[in-house]
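Structure file upload-v8.txt (compact mmCIF, C-alpha atoms and all ligand atoms) is printed below.
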```txt
# COMPACT_ATOMS: atom_id res chain seq x y z
CA MET K 1 -54.99 12.44 -50.42
CA THR K 2 -53.25 12.62 -53.81
CA SER K 3 -49.70 11.50 -54.47
CA ALA K 4 -48.73 15.20 -54.78
CA THR K 5 -49.85 15.77 -51.18
CA LEU K 6 -48.16 12.52 -50.14
CA ASP K 7 -44.93 13.93 -51.61
CA ASP K 8 -45.59 17.04 -49.48
CA LEU K 9 -45.96 14.86 -46.43
CA VAL K 10 -42.61 13.18 -47.18
CA ARG K 11 -41.00 16.61 -47.58
CA GLN K 12 -42.50 17.84 -44.32
CA ALA K 13 -41.28 14.76 -42.51
CA HIS K 14 -37.86 15.21 -44.01
CA SER K 15 -37.52 18.83 -42.96
CA SER K 16 -38.95 18.17 -39.51
CA PHE K 17 -36.38 15.37 -39.03
CA GLN K 18 -33.63 17.67 -40.22
CA ALA K 19 -34.77 20.30 -37.73
CA ALA K 20 -34.44 17.82 -34.82
CA ALA K 21 -31.23 18.73 -33.03
CA SER K 22 -31.08 15.72 -30.70
CA PRO K 23 -32.15 12.06 -30.68
CA ALA K 24 -34.99 12.97 -28.28
CA GLU K 25 -36.31 15.68 -30.59
CA LEU K 26 -36.06 13.27 -33.50
CA GLU K 27 -38.18 10.69 -31.67
CA ASN K 28 -40.86 13.36 -31.11
CA ALA K 29 -40.78 14.29 -34.80
CA LYS K 30 -41.06 10.63 -35.75
CA ALA K 31 -44.21 10.25 -33.64
CA VAL K 32 -45.90 13.03 -35.63
CA PHE K 33 -45.57 11.03 -38.85
CA LEU K 34 -45.13 7.37 -37.98
CA GLY K 35 -46.60 7.16 -34.45
CA LYS K 36 -49.80 5.29 -33.54
CA SER K 37 -51.92 8.30 -34.43
CA GLY K 38 -49.30 9.84 -36.75
CA ARG K 39 -50.27 11.36 -40.05
CA LEU K 40 -49.16 8.42 -42.16
CA THR K 41 -50.80 5.94 -39.85
CA GLU K 42 -54.07 7.86 -40.18
CA LEU K 43 -53.81 7.52 -44.00
CA MET K 44 -53.30 3.76 -43.67
CA LYS K 45 -56.43 3.52 -41.55
CA GLY K 46 -58.35 5.30 -44.38
CA LEU K 47 -57.61 2.35 -46.69
CA ALA K 48 -60.19 0.21 -44.90
CA ALA K 49 -63.02 2.11 -46.57
CA LEU K 50 -61.74 1.40 -50.15
CA ASN K 51 -62.52 -1.57 -52.41
CA ALA K 52 -59.85 -4.20 -53.16
CA ASP K 53 -58.41 -2.62 -56.37
CA GLU K 54 -58.27 0.91 -54.96
CA LYS K 55 -56.81 -0.45 -51.75
CA LYS K 56 -53.98 -2.11 -53.67
CA ALA K 57 -53.09 0.93 -55.77
CA ARG K 58 -53.45 3.43 -52.94
CA GLY K 59 -51.68 1.15 -50.47
CA ALA K 60 -48.65 0.89 -52.76
CA VAL K 61 -48.40 4.68 -53.01
CA ILE K 62 -48.71 5.18 -49.25
CA ASN K 63 -46.15 2.46 -48.67
CA ARG K 64 -43.62 4.20 -50.90
CA ALA K 65 -44.19 7.42 -48.94
CA LYS K 66 -43.78 5.49 -45.71
CA GLN K 67 -40.51 3.98 -46.88
CA ALA K 68 -39.24 7.41 -47.91
CA ILE K 69 -40.11 8.82 -44.45
CA GLU K 70 -38.46 5.85 -42.70
CA GLN K 71 -35.36 6.35 -44.80
CA ALA K 72 -35.27 10.06 -43.91
CA LEU K 73 -35.60 9.10 -40.25
CA ALA K 74 -32.77 6.55 -40.45
CA ASP K 75 -30.52 9.06 -42.25
CA ARG K 76 -31.15 11.69 -39.58
CA ARG K 77 -30.54 9.19 -36.77
CA GLN K 78 -27.24 8.28 -38.33
CA ALA K 79 -26.28 11.94 -38.80
CA LEU K 80 -27.10 12.82 -35.18
CA ALA K 81 -25.09 9.86 -33.86
CA GLN K 82 -22.16 10.90 -36.01
CA ALA K 83 -22.42 14.50 -34.79
CA GLU K 84 -22.43 13.31 -31.19
CA LEU K 85 -19.34 11.19 -31.78
CA ASP K 86 -17.58 14.10 -33.51
CA ALA K 87 -18.38 16.41 -30.60
CA GLN K 88 -17.05 13.85 -28.14
CA LEU K 89 -13.85 13.37 -30.11
CA THR K 90 -13.34 17.13 -30.29
CA ALA K 91 -13.91 17.51 -26.56
CA GLU K 92 -11.43 14.77 -25.77
CA ALA K 93 -8.90 15.84 -28.37
CA LEU K 94 -5.27 16.05 -27.34
CA ASP K 95 -3.46 19.15 -28.36
CA VAL K 96 -0.06 17.69 -29.13
CA THR K 97 1.36 21.17 -29.61
CA LEU K 98 0.83 22.11 -25.93
CA PRO K 99 4.03 22.34 -23.88
CA GLY K 100 4.64 19.20 -21.82
CA ARG K 101 3.81 19.15 -18.12
CA GLN K 102 6.82 18.97 -15.82
CA ARG K 103 6.95 15.91 -13.65
CA THR K 104 8.57 17.08 -10.43
CA GLY K 105 10.49 14.57 -8.37
CA GLY K 106 9.11 13.67 -4.95
CA GLY K 107 11.39 13.64 -1.96
CA LEU K 108 11.71 12.74 1.68
CA HIS K 109 10.52 15.05 4.43
CA PRO K 110 13.43 16.87 6.10
CA VAL K 111 12.74 15.07 9.39
CA SER K 112 12.76 11.74 7.55
CA LEU K 113 16.12 12.72 6.06
CA THR K 114 17.39 13.33 9.60
CA LEU K 115 16.01 10.01 10.86
CA GLU K 116 17.69 8.17 7.99
CA ARG K 117 20.91 9.94 8.81
CA ILE K 118 20.67 9.08 12.52
CA GLU K 119 19.97 5.42 11.69
CA ALA K 120 22.91 5.25 9.27
CA ILE K 121 25.36 6.77 11.75
CA PHE K 122 24.30 4.64 14.71
CA GLY K 123 23.99 1.64 12.40
CA SER K 124 27.66 2.04 11.56
CA MET K 125 28.39 1.89 15.32
CA GLY K 126 26.55 -1.42 15.64
CA PHE K 127 23.19 -0.11 16.91
CA ASP K 128 19.99 -1.94 16.04
CA VAL K 129 16.93 0.16 15.08
CA ALA K 130 13.68 -0.62 16.94
CA GLN K 131 10.10 0.58 16.54
CA GLY K 132 7.40 0.54 19.19
CA PRO K 133 3.79 1.53 19.89
CA GLU K 134 2.72 5.15 20.14
CA ILE K 135 -0.18 4.24 22.44
CA GLU K 136 1.61 3.11 25.57
CA THR K 137 0.74 1.84 28.98
CA ASP K 138 1.50 3.91 32.01
CA TRP K 139 3.89 1.13 33.06
CA PHE K 140 6.25 1.38 30.08
CA ASN K 141 6.01 5.15 29.74
CA PHE K 142 6.48 6.01 33.44
CA SER K 143 6.58 3.33 36.14
CA ALA K 144 9.14 1.01 34.59
CA LEU K 145 11.29 4.08 34.01
CA ASN K 146 11.41 4.82 37.74
CA THR K 147 9.07 7.80 37.37
CA PRO K 148 7.11 8.25 40.62
CA GLU K 149 3.30 8.49 40.79
CA ASP K 150 3.38 12.21 41.62
CA HIS K 151 5.81 13.22 38.85
CA PRO K 152 4.47 16.29 36.99
CA ALA K 153 5.03 14.62 33.57
CA ARG K 154 2.20 12.23 34.48
CA SER K 155 -0.39 15.00 34.91
CA MET K 156 -3.39 15.44 32.61
CA HIS K 157 -2.11 18.75 31.25
CA ASP K 158 1.21 17.27 30.16
CA THR K 159 0.12 13.92 28.78
CA PHE K 160 -2.60 12.79 26.38
CA TYR K 161 -4.47 9.97 28.11
CA VAL K 162 -6.59 7.83 25.82
CA GLU K 163 -9.69 5.74 26.40
CA GLY K 164 -9.47 2.00 26.79
CA GLY K 165 -7.21 1.74 29.82
CA THR K 166 -8.19 1.13 33.42
CA PRO K 167 -7.57 3.37 36.47
CA GLN K 168 -4.82 0.94 37.48
CA ALA K 169 -3.32 0.74 33.98
CA PRO K 170 -4.10 3.93 32.04
CA LEU K 171 -3.32 4.19 28.35
CA LEU K 172 -1.61 7.26 26.92
CA LEU K 173 0.19 8.61 23.88
CA ARG K 174 3.84 8.06 24.72
CA THR K 175 5.48 11.26 25.93
CA HIS K 176 8.95 10.07 24.96
CA THR K 177 10.66 7.15 23.23
CA SER K 178 12.18 5.97 26.53
CA PRO K 179 9.57 3.17 26.98
CA MET K 180 11.40 1.49 24.10
CA GLN K 181 14.37 1.01 26.44
CA ILE K 182 12.28 -1.37 28.51
CA ARG K 183 10.42 -3.00 25.60
CA TYR K 184 13.58 -3.73 23.65
CA ALA K 185 15.66 -4.82 26.66
CA VAL K 186 12.93 -7.19 27.92
CA GLN K 187 12.84 -8.93 24.52
CA HIS K 188 16.61 -9.09 24.38
CA VAL K 189 16.86 -10.52 27.90
CA LYS K 190 14.14 -13.08 27.10
CA ALA K 191 16.09 -14.19 24.02
CA HIS K 192 19.25 -14.69 26.11
CA ARG K 193 17.68 -15.92 29.34
CA ALA K 194 19.50 -19.25 29.40
CA LEU K 195 22.87 -17.59 28.96
CA ILE K 196 22.14 -15.00 31.66
CA ASP K 197 20.90 -17.65 34.13
CA ALA K 198 24.05 -19.70 33.48
CA GLY K 199 26.08 -16.66 34.56
CA GLN K 200 27.48 -16.16 31.06
CA PRO K 201 27.75 -12.62 29.73
CA MET K 202 24.75 -11.62 27.64
CA PRO K 203 25.41 -10.05 24.21
CA GLU K 204 25.24 -6.28 24.69
CA ILE K 205 22.07 -4.32 24.11
CA ARG K 206 22.78 -1.60 21.58
CA VAL K 207 19.72 0.02 20.07
CA ILE K 208 18.20 3.25 18.89
CA ALA K 209 14.42 3.75 18.77
CA PRO K 210 13.22 6.67 16.65
CA GLY K 211 9.56 7.62 16.46
CA ARG K 212 6.67 9.96 17.17
CA THR K 213 5.97 11.24 20.67
CA TYR K 214 3.19 13.41 22.12
CA ARG K 215 2.81 16.13 24.71
CA VAL K 216 0.28 18.85 25.52
CA ASP K 217 2.48 21.62 24.16
CA SER K 218 2.23 23.95 21.17
CA ASP K 219 4.27 26.98 20.05
CA ALA K 220 7.05 27.85 17.58
CA THR K 221 9.40 25.31 19.13
CA HIS K 222 6.90 22.77 20.51
CA SER K 223 4.37 20.68 18.67
CA PRO K 224 1.85 18.29 20.32
CA MET K 225 3.35 15.62 18.07
CA PHE K 226 7.10 15.60 17.70
CA HIS K 227 9.90 13.12 17.12
CA GLN K 228 12.39 11.59 19.46
CA CYS K 229 15.14 9.08 19.08
CA GLU K 230 16.10 6.97 22.04
CA GLY K 231 19.48 5.33 22.42
CA LEU K 232 20.47 2.53 24.78
CA TRP K 233 23.69 0.63 25.31
CA ILE K 234 23.79 -1.93 28.10
CA GLY K 235 26.65 -4.29 28.82
CA GLN K 236 28.87 -5.31 31.68
CA SER K 237 31.00 -2.19 31.80
CA VAL K 238 29.39 0.43 29.57
CA SER K 239 30.11 3.75 31.24
CA PHE K 240 29.50 7.48 30.98
CA LYS K 241 32.81 7.72 29.14
CA ASP K 242 31.31 5.54 26.38
CA LEU K 243 28.26 7.82 26.26
CA LYS K 244 30.51 10.85 25.78
CA PHE K 245 32.48 9.15 23.04
CA VAL K 246 29.47 7.75 21.16
CA PHE K 247 27.37 10.89 21.32
CA SER K 248 30.25 13.23 20.41
CA ASP K 249 31.12 11.03 17.46
CA PHE K 250 27.48 11.00 16.39
CA CYS K 251 27.08 14.81 16.57
CA ARG K 252 30.29 15.55 14.67
CA THR K 253 29.31 13.09 11.95
CA PHE K 254 25.71 14.30 11.82
CA PHE K 255 26.67 17.96 11.41
CA GLU K 256 29.83 17.15 9.41
CA MET K 257 31.88 19.34 11.75
CA ASP K 258 35.00 17.96 13.39
CA ASP K 259 35.36 21.05 15.60
CA LEU K 260 31.86 20.76 17.11
CA VAL K 261 32.07 21.15 20.91
CA LEU K 262 29.85 19.18 23.31
CA ARG K 263 28.95 19.89 26.92
CA PHE K 264 27.42 17.36 29.31
CA ARG K 265 25.51 19.53 31.76
CA PRO K 266 24.40 17.84 35.02
CA SER K 267 20.65 17.38 35.12
CA PHE K 268 17.95 15.11 36.47
CA PHE K 269 15.86 12.36 34.94
CA PRO K 270 14.17 9.67 37.05
CA PHE K 271 15.50 6.90 34.79
CA THR K 272 19.19 7.85 34.84
CA GLU K 273 21.76 8.45 37.54
CA PRO K 274 23.84 10.49 36.97
CA SER K 275 21.93 12.44 34.33
CA ALA K 276 23.12 15.05 31.88
CA GLU K 277 21.67 17.40 29.34
CA ILE K 278 23.81 17.42 26.19
CA ASP K 279 24.52 20.80 24.60
CA ILE K 280 26.44 21.41 21.40
CA GLN K 281 28.26 24.49 20.16
CA PHE K 282 29.08 25.30 16.54
CA GLN K 283 32.40 27.04 15.94
CA SER K 284 31.28 28.62 12.69
CA GLY K 285 28.06 29.63 10.94
CA PRO K 286 25.17 31.80 12.17
CA LEU K 287 24.72 29.86 15.44
CA ALA K 288 28.43 29.82 16.36
CA GLY K 289 29.26 30.26 20.04
CA ARG K 290 25.78 29.48 21.43
CA TRP K 291 25.06 26.41 23.53
CA LEU K 292 22.24 24.43 21.96
CA GLU K 293 20.52 21.64 23.86
CA VAL K 294 20.08 18.49 21.78
CA ALA K 295 19.52 15.55 24.15
CA GLY K 296 18.94 14.20 27.63
CA SER K 297 21.15 11.35 28.77
CA GLY K 298 22.69 9.46 31.63
CA GLN K 299 23.72 6.16 33.18
CA VAL K 300 20.66 3.91 33.31
CA HIS K 301 19.22 3.87 36.86
CA PRO K 302 19.57 0.52 38.71
CA ASN K 303 15.78 0.33 39.12
CA VAL K 304 15.37 0.59 35.37
CA VAL K 305 18.02 -2.08 34.78
CA ARG K 306 16.03 -4.29 37.16
CA ASN K 307 12.82 -3.62 35.23
CA MET K 308 14.64 -4.80 32.12
CA GLY K 309 15.07 -8.15 33.87
CA LEU K 310 18.78 -7.68 34.58
CA ASP K 311 20.86 -7.56 37.75
CA PRO K 312 22.13 -3.97 38.15
CA GLU K 313 25.14 -5.37 39.98
CA ARG K 314 26.21 -7.06 36.76
CA TYR K 315 24.79 -4.89 33.98
CA MET K 316 25.10 -1.17 33.39
CA GLY K 317 25.02 1.27 30.54
CA PHE K 318 23.83 4.57 29.23
CA ALA K 319 20.77 5.96 27.53
CA PHE K 320 19.96 9.14 25.70
CA GLY K 321 16.93 10.73 24.12
CA MET K 322 17.33 13.32 21.43
CA GLY K 323 15.03 15.44 19.27
CA PRO K 324 15.34 14.81 15.54
CA ASP K 325 13.08 17.81 14.83
CA ARG K 326 15.49 20.09 16.64
CA LEU K 327 18.50 18.48 14.94
CA THR K 328 16.82 19.14 11.58
CA MET K 329 16.18 22.79 12.51
CA LEU K 330 19.81 23.24 13.50
CA ARG K 331 21.19 21.49 10.45
CA TYR K 332 19.12 23.50 7.97
CA GLY K 333 18.72 26.76 9.93
CA ILE K 334 14.92 26.50 10.36
CA ASN K 335 13.42 28.64 13.12
CA ASP K 336 9.81 27.43 13.31
CA LEU K 337 9.08 23.80 14.13
CA ARG K 338 5.52 24.09 12.80
CA LEU K 339 6.84 24.33 9.24
CA PHE K 340 7.57 20.60 9.46
CA PHE K 341 3.93 19.73 9.99
CA ASP K 342 2.12 22.24 7.73
CA GLY K 343 2.70 20.20 4.58
CA ASP K 344 3.52 23.34 2.56
CA ILE K 345 5.13 22.19 -0.67
CA ARG K 346 7.07 25.49 -1.04
CA PHE K 347 8.89 24.62 2.19
CA LEU K 348 9.22 20.88 1.67
CA SER K 349 10.48 21.08 -1.93
CA GLN K 350 13.60 22.91 -0.70
CA PHE K 351 14.96 19.66 0.70
CA GLN K 352 15.02 17.67 -2.53
N1 LIG J 1 12.97 10.90 27.88
C1 LIG J 1 13.58 12.17 28.15
C2 LIG J 1 12.65 13.28 27.70
O1 LIG J 1 11.82 13.05 26.89
C3 LIG J 1 14.89 12.30 27.44
C4 LIG J 1 15.91 11.39 28.01
C5 LIG J 1 16.68 11.79 29.06
C6 LIG J 1 16.07 10.13 27.47
C7 LIG J 1 17.66 10.97 29.57
C8 LIG J 1 17.04 9.28 28.00
C9 LIG J 1 17.83 9.73 29.05
O2 LIG J 1 17.25 8.06 27.54
O3 LIG J 1 18.79 8.90 29.52
O4 LIG J 1 12.77 14.37 28.17
```

If you took the structure in this file and wrote it as structure tokens, what would it be?
Ligand code: DAH
Amino acid sequence: MTSATLDDLVRQAHSSFQAAASPAELENAKAVFLGKSGRLTELMKGLAALNADEKKARGAVINRAKQAIEQALADRRQALAQAELDAQLTAEALDVTLPGRQRTGGGLHPVSLTLERIEAIFGSMGFDVAQGPEIETDWFNFSALNTPEDHPARSMHDTFYVEGGTPQAPLLLRTHTSPMQIRYAVQHVKAHRALIDAGQPMPEIRVIAPGRTYRVDSDATHSPMFHQCEGLWIGQSVSFKDLKFVFSDFCRTFFEMDDLVLRFRPSFFPFTEPSAEIDIQFQSGPLAGRWLEVAGSGQVHPNVVRNMGLDPERYMGFAFGMGPDRLTMLRYGINDLRLFFDGDIRFLSQFQ
């Protein structure tokens, strides 16, 4: 092969490298010229047949061609790498002229706002705030609260029983926050046992226990998971009169309405005697004039006081259980409870 045709070979290699659009294509093109059986390699092999002088002269010419091809290859490699980098930079480019994205503020769920409000108001009246388990034993949820074995609330279609209990001590999702009355009181009594045994008055129990509760129930005003807030005040002479005062004060503060009217309607709960349903009535606004039920309440039953570890002859008090979901609906004029649990941002963002 003459040097003119070697020049051709260099040109062909050059244009074939240029035509390679990717590193993989370039490697294929390289193989054609510089590979083990590439065209240049074949020429090198041809040198073996020549004598020493010819070999030297011819070898030098082929070597120059080889260097030129290697240079063309290196240039193309470099160009492809640069093109790839440019493409990447373009793809990741920031358009600083785009309008900025709004960062919207997060906020608390309306029911959380209500719970915070309840805790603040009762906190100002000296109530502690307690939390307890949502998976309860049948003892704390029913028996300790003087609820008989055959009470309908204990049936399978009212209560979610969970695995892991025994027939004697079933486990369930608490149907109300009332078990916290017992749990909190037992701890309190334990902490003041020496004082109580010495016949000294125990510091009063004053606690609210907000949290999630569960029942087999689902419609516009009932959800299988809902919130309750328990209240308990036990001392040596805490009476129904104190319940009326405390709960009225709470409702008027919660709704920011001094003219709010309350009604304590006789009712029945196994764990209180006497028991009352608490209704409120707004004097203004869209719900004015209607009685709206907000809580169950009563004087704690002597059997329950006993299960707290106290002598009902010496200790008495009141309890109540209210529905923070319902309070939230009344405060904001919401008519479907399920909105609270759908997680729809269009609804939730209205409370920020
Ligand atoms: N636990 C009752 C319920 O879920 C509500 C209740 C009624 C709580 C009377 C009380 C009470 O503490 O004294 O229906």

Taking all atoms listed in the file into account, produce a table as JSON lines in which each residue of stretch 86-140 of chain K with an atom at most 10 Å from an atom of stretch 214-233 of chain K appears once, together with its shortest atom pair and the distance in Å to one decimal, ordered by chain and rising number.
```
{"residue": "K:Val111", "atom": "CA", "partner": "K:His227", "partner_atom": "CA", "distance": 8.5}
{"residue": "K:Leu115", "atom": "CA", "partner": "K:Cys229", "partner_atom": "CA", "distance": 8.3}
{"residue": "K:Ile118", "atom": "CA", "partner": "K:Cys229", "partner_atom": "CA", "distance": 8.6}
{"residue": "K:Glu119", "atom": "CA", "partner": "K:Cys229", "partner_atom": "CA", "distance": 9.6}
{"residue": "K:Phe122", "atom": "CA", "partner": "K:Gly231", "partner_atom": "CA", "distance": 9.1}
{"residue": "K:Phe127", "atom": "CA", "partner": "K:Trp233", "partner_atom": "CA", "distance": 8.4}
{"residue": "K:Asp128", "atom": "CA", "partner": "K:Gly231", "partner_atom": "CA", "distance": 9.7}
{"residue": "K:Val129", "atom": "CA", "partner": "K:Gly231", "partner_atom": "CA", "distance": 9.3}
{"residue": "K:Ala130", "atom": "CA", "partner": "K:Glu230", "partner_atom": "CA", "distance": 9.5}
{"residue": "K:Glu134", "atom": "CA", "partner": "K:Tyr214", "partner_atom": "CA", "distance": 8.5}
{"residue": "K:Ile135", "atom": "CA", "partner": "K:Tyr214", "partner_atom": "CA", "distance": 9.8}
```

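Closest approach to ligand LIG 1 (chain J) among K:Lys190, K:Arg76, K:Arg314, K:Arg174: K:Arg174, based on only C-alpha atoms and all ligand atoms.
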
**OP:** May I have the residues within 8 Å of stretch 235-249 of chain K as a ChimeraX atom specification, using only C-alpha atoms and disregarding those fewer than 5 positions away in the same chain?
**Re:** /K:201-205,262,298-299,314-319

Subject >> Selection as an MDAnalysis selection string: residues within 10 Å of ligand LIG 1 (chain J) by only C-alpha atoms and all ligand atoms >> reply: chainID K and resid 141:142 145 153 174:181 208 213:215 227:232 267:278 294:301 317:323

Generate a file of the selected residues that holds C-alpha atoms, formatted as a PDB file, in the coordinates of the input.
```pdb
ATOM      1  CA  ASN K 141       6.010   5.150  29.740  1.00  0.00           C
ATOM      2  CA  PHE K 142       6.480   6.010  33.440  1.00  0.00           C
ATOM      3  CA  LEU K 145      11.290   4.080  34.010  1.00  0.00           C
ATOM      4  CA  ALA K 153       5.030  14.620  33.570  1.00  0.00           C
ATOM      5  CA  ARG K 174       3.840   8.060  24.720  1.00  0.00           C
ATOM      6  CA  THR K 175       5.480  11.260  25.930  1.00  0.00           C
ATOM      7  CA  HIS K 176       8.950  10.070  24.960  1.00  0.00           C
ATOM      8  CA  THR K 177      10.660   7.150  23.230  1.00  0.00           C
ATOM      9  CA  SER K 178      12.180   5.970  26.530  1.00  0.00           C
ATOM     10  CA  PRO K 179       9.570   3.170  26.980  1.00  0.00           C
ATOM     11  CA  MET K 180      11.400   1.490  24.100  1.00  0.00           C
ATOM     12  CA  GLN K 181      14.370   1.010  26.440  1.00  0.00           C
ATOM     13  CA  ILE K 208      18.200   3.250  18.890  1.00  0.00           C
ATOM     14  CA  THR K 213       5.970  11.240  20.670  1.00  0.00           C
ATOM     15  CA  TYR K 214       3.190  13.410  22.120  1.00  0.00           C
ATOM     16  CA  ARG K 215       2.810  16.130  24.710  1.00  0.00           C
ATOM     17  CA  HIS K 227       9.900  13.120  17.120  1.00  0.00           C
ATOM     18  CA  GLN K 228      12.390  11.590  19.460  1.00  0.00           C
ATOM     19  CA  CYS K 229      15.140   9.080  19.080  1.00  0.00           C
ATOM     20  CA  GLU K 230      16.100   6.970  22.040  1.00  0.00           C
ATOM     21  CA  GLY K 231      19.480   5.330  22.420  1.00  0.00           C
ATOM     22  CA  LEU K 232      20.470   2.530  24.780  1.00  0.00           C
ATOM     23  CA  SER K 267      20.650  17.380  35.120  1.00  0.00           C
ATOM     24  CA  PHE K 268      17.950  15.110  36.470  1.00  0.00           C
ATOM     25  CA  PHE K 269      15.860  12.360  34.940  1.00  0.00           C
ATOM     26  CA  PRO K 270      14.170   9.670  37.050  1.00  0.00           C
ATOM     27  CA  PHE K 271      15.500   6.900  34.790  1.00  0.00           C
ATOM     28  CA  THR K 272      19.190   7.850  34.840  1.00  0.00           C
ATOM     29  CA  GLU K 273      21.760   8.450  37.540  1.00  0.00           C
ATOM     30  CA  PRO K 274      23.840  10.490  36.970  1.00  0.00           C
ATOM     31  CA  SER K 275      21.930  12.440  34.330  1.00  0.00           C
ATOM     32  CA  ALA K 276      23.120  15.050  31.880  1.00  0.00           C
ATOM     33  CA  GLU K 277      21.670  17.400  29.340  1.00  0.00           C
ATOM     34  CA  ILE K 278      23.810  17.420  26.190  1.00  0.00           C
ATOM     35  CA  VAL K 294      20.080  18.490  21.780  1.00  0.00           C
ATOM     36  CA  ALA K 295      19.520  15.550  24.150  1.00  0.00           C
ATOM     37  CA  GLY K 296      18.940  14.200  27.630  1.00  0.00           C
ATOM     38  CA  SER K 297      21.150  11.350  28.770  1.00  0.00           C
ATOM     39  CA  GLY K 298      22.690   9.460  31.630  1.00  0.00           C
ATOM     40  CA  GLN K 299      23.720   6.160  33.180  1.00  0.00           C
ATOM     41  CA  VAL K 300      20.660   3.910  33.310  1.00  0.00           C
ATOM     42  CA  HIS K 301      19.220   3.870  36.860  1.00  0.00           C
ATOM     43  CA  GLY K 317      25.020   1.270  30.540  1.00  0.00           C
ATOM     44  CA  PHE K 318      23.830   4.570  29.230  1.00  0.00           C
ATOM     45  CA  ALA K 319      20.770   5.960  27.530  1.00  0.00           C
ATOM     46  CA  PHE K 320      19.960   9.140  25.700  1.00  0.00           C
ATOM     47  CA  GLY K 321      16.930  10.730  24.120  1.00  0.00           C
ATOM     48  CA  MET K 322      17.330  13.320  21.430  1.00  0.00           C
ATOM     49  CA  GLY K 323      15.030  15.440  19.270  1.00  0.00           C
TER      50      GLY K 323
END
```

**OP:** Excluding K:Ile62 and any residue of its chain fewer than 5 positions from it, enumerate the residues within 8 Å of it, using only C-alpha atoms, and give them as a PyMOL selection string.
**Re:** chain K and resi 6+40+43-44

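Using all atoms listed in the file, the shortest contact distance between K:Thr41 and any of K:Met308, K:Leu348, K:Ile69, K:Arg117 is found at K:Ile69.
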
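Across the model, the gap from atom CA of K:Leu337 to atom CA of K:Gly285 is 20.1 Å.
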
Original post:
Pick the closest to K:Ala65 from K:Glu92, K:Asp311, K:Asp7, K:Glu27: which is it, counting only C-alpha atoms?
Top reply: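 Checking each candidate against K:Ala65, we get K:Asp7 as the closest.
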
Original post:
Quick one: residues within 12 Å of K:Pro286, all atoms listed in the file counted, chain neighbours fewer than 3 positions away excluded, as a list in words?
Top reply: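 So the residues in contact are Gln281, Phe282, Gln283, Gly289, Arg290, Leu330, Arg331, Tyr332, Gly333 and Ile334 of chain K.
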
Original post:
Which residue out of K:Ala79, K:Leu73, K:Leu260, K:Ala194 has the minimum interatomic distance to K:Phe33 when only C-alpha atoms are used?
Top reply: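 Residue with the minimum atom-to-atom distance to K:Phe33: K:Leu73.
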
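With distances taken over all atoms listed in the file, K:Leu34 is the one residue among K:Leu89, K:Leu34, K:Ala48, K:Met125 lying closest to K:Ala68.
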
Original post:
With all atoms listed in the file as the atoms that count, which of K:Met156, K:Ala198, K:Ile280, K:Ala120 lies nearest to K:Arg265?
Top reply: K:Ile280

Subject >> Residues within 12 Å of K:Gly46, all atoms listed in the file, excluding chain neighbours under 3 positions, as a PyMOL selection string >> reply: chain K and resi 1+39-43+49-51+54-55+58-59+62

**OP:** Calculate how many Å separate atom CA of K:Pro152 from atom CA of K:Pro302, rounding to one decimal.
**Re:**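 Atom-to-atom, atom CA of K:Pro152 and atom CA of K:Pro302 are spaced 21.9 Å apart.
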
Atom completion result for stretch 337-344 of chain K (N, CA, C and O atoms) as a compact mmCIF listing (two decimals), keeping the file's coordinate frame:
```txt
# COMPACT_ATOMS: atom_id res chain seq x y z
N LEU K 337 9.33 25.24 14.18
CA LEU K 337 9.08 23.80 14.13
C LEU K 337 7.81 23.46 13.36
O LEU K 337 7.70 22.42 12.71
N ARG K 338 6.82 24.39 13.41
CA ARG K 338 5.52 24.09 12.80
C ARG K 338 5.61 23.92 11.29
O ARG K 338 4.74 23.29 10.69
N LEU K 339 6.66 24.49 10.69
CA LEU K 339 6.84 24.33 9.24
C LEU K 339 6.92 22.85 8.85
O LEU K 339 6.52 22.47 7.75
N PHE K 340 7.43 22.04 9.75
CA PHE K 340 7.57 20.60 9.46
C PHE K 340 6.22 19.91 9.28
O PHE K 340 6.12 18.91 8.60
N PHE K 341 5.19 20.46 9.94
CA PHE K 341 3.93 19.73 9.99
C PHE K 341 2.81 20.41 9.20
O PHE K 341 1.68 19.95 9.20
N ASP K 342 3.13 21.53 8.52
CA ASP K 342 2.12 22.24 7.73
C ASP K 342 1.87 21.59 6.38
O ASP K 342 0.85 21.82 5.74
N GLY K 343 2.85 20.83 5.89
CA GLY K 343 2.70 20.20 4.58
C GLY K 343 2.76 21.19 3.43
O GLY K 343 2.20 20.95 2.37
N ASP K 344 3.41 22.34 3.62
CA ASP K 344 3.52 23.34 2.56
C ASP K 344 4.62 22.94 1.58
O ASP K 344 5.80 22.87 1.94
```
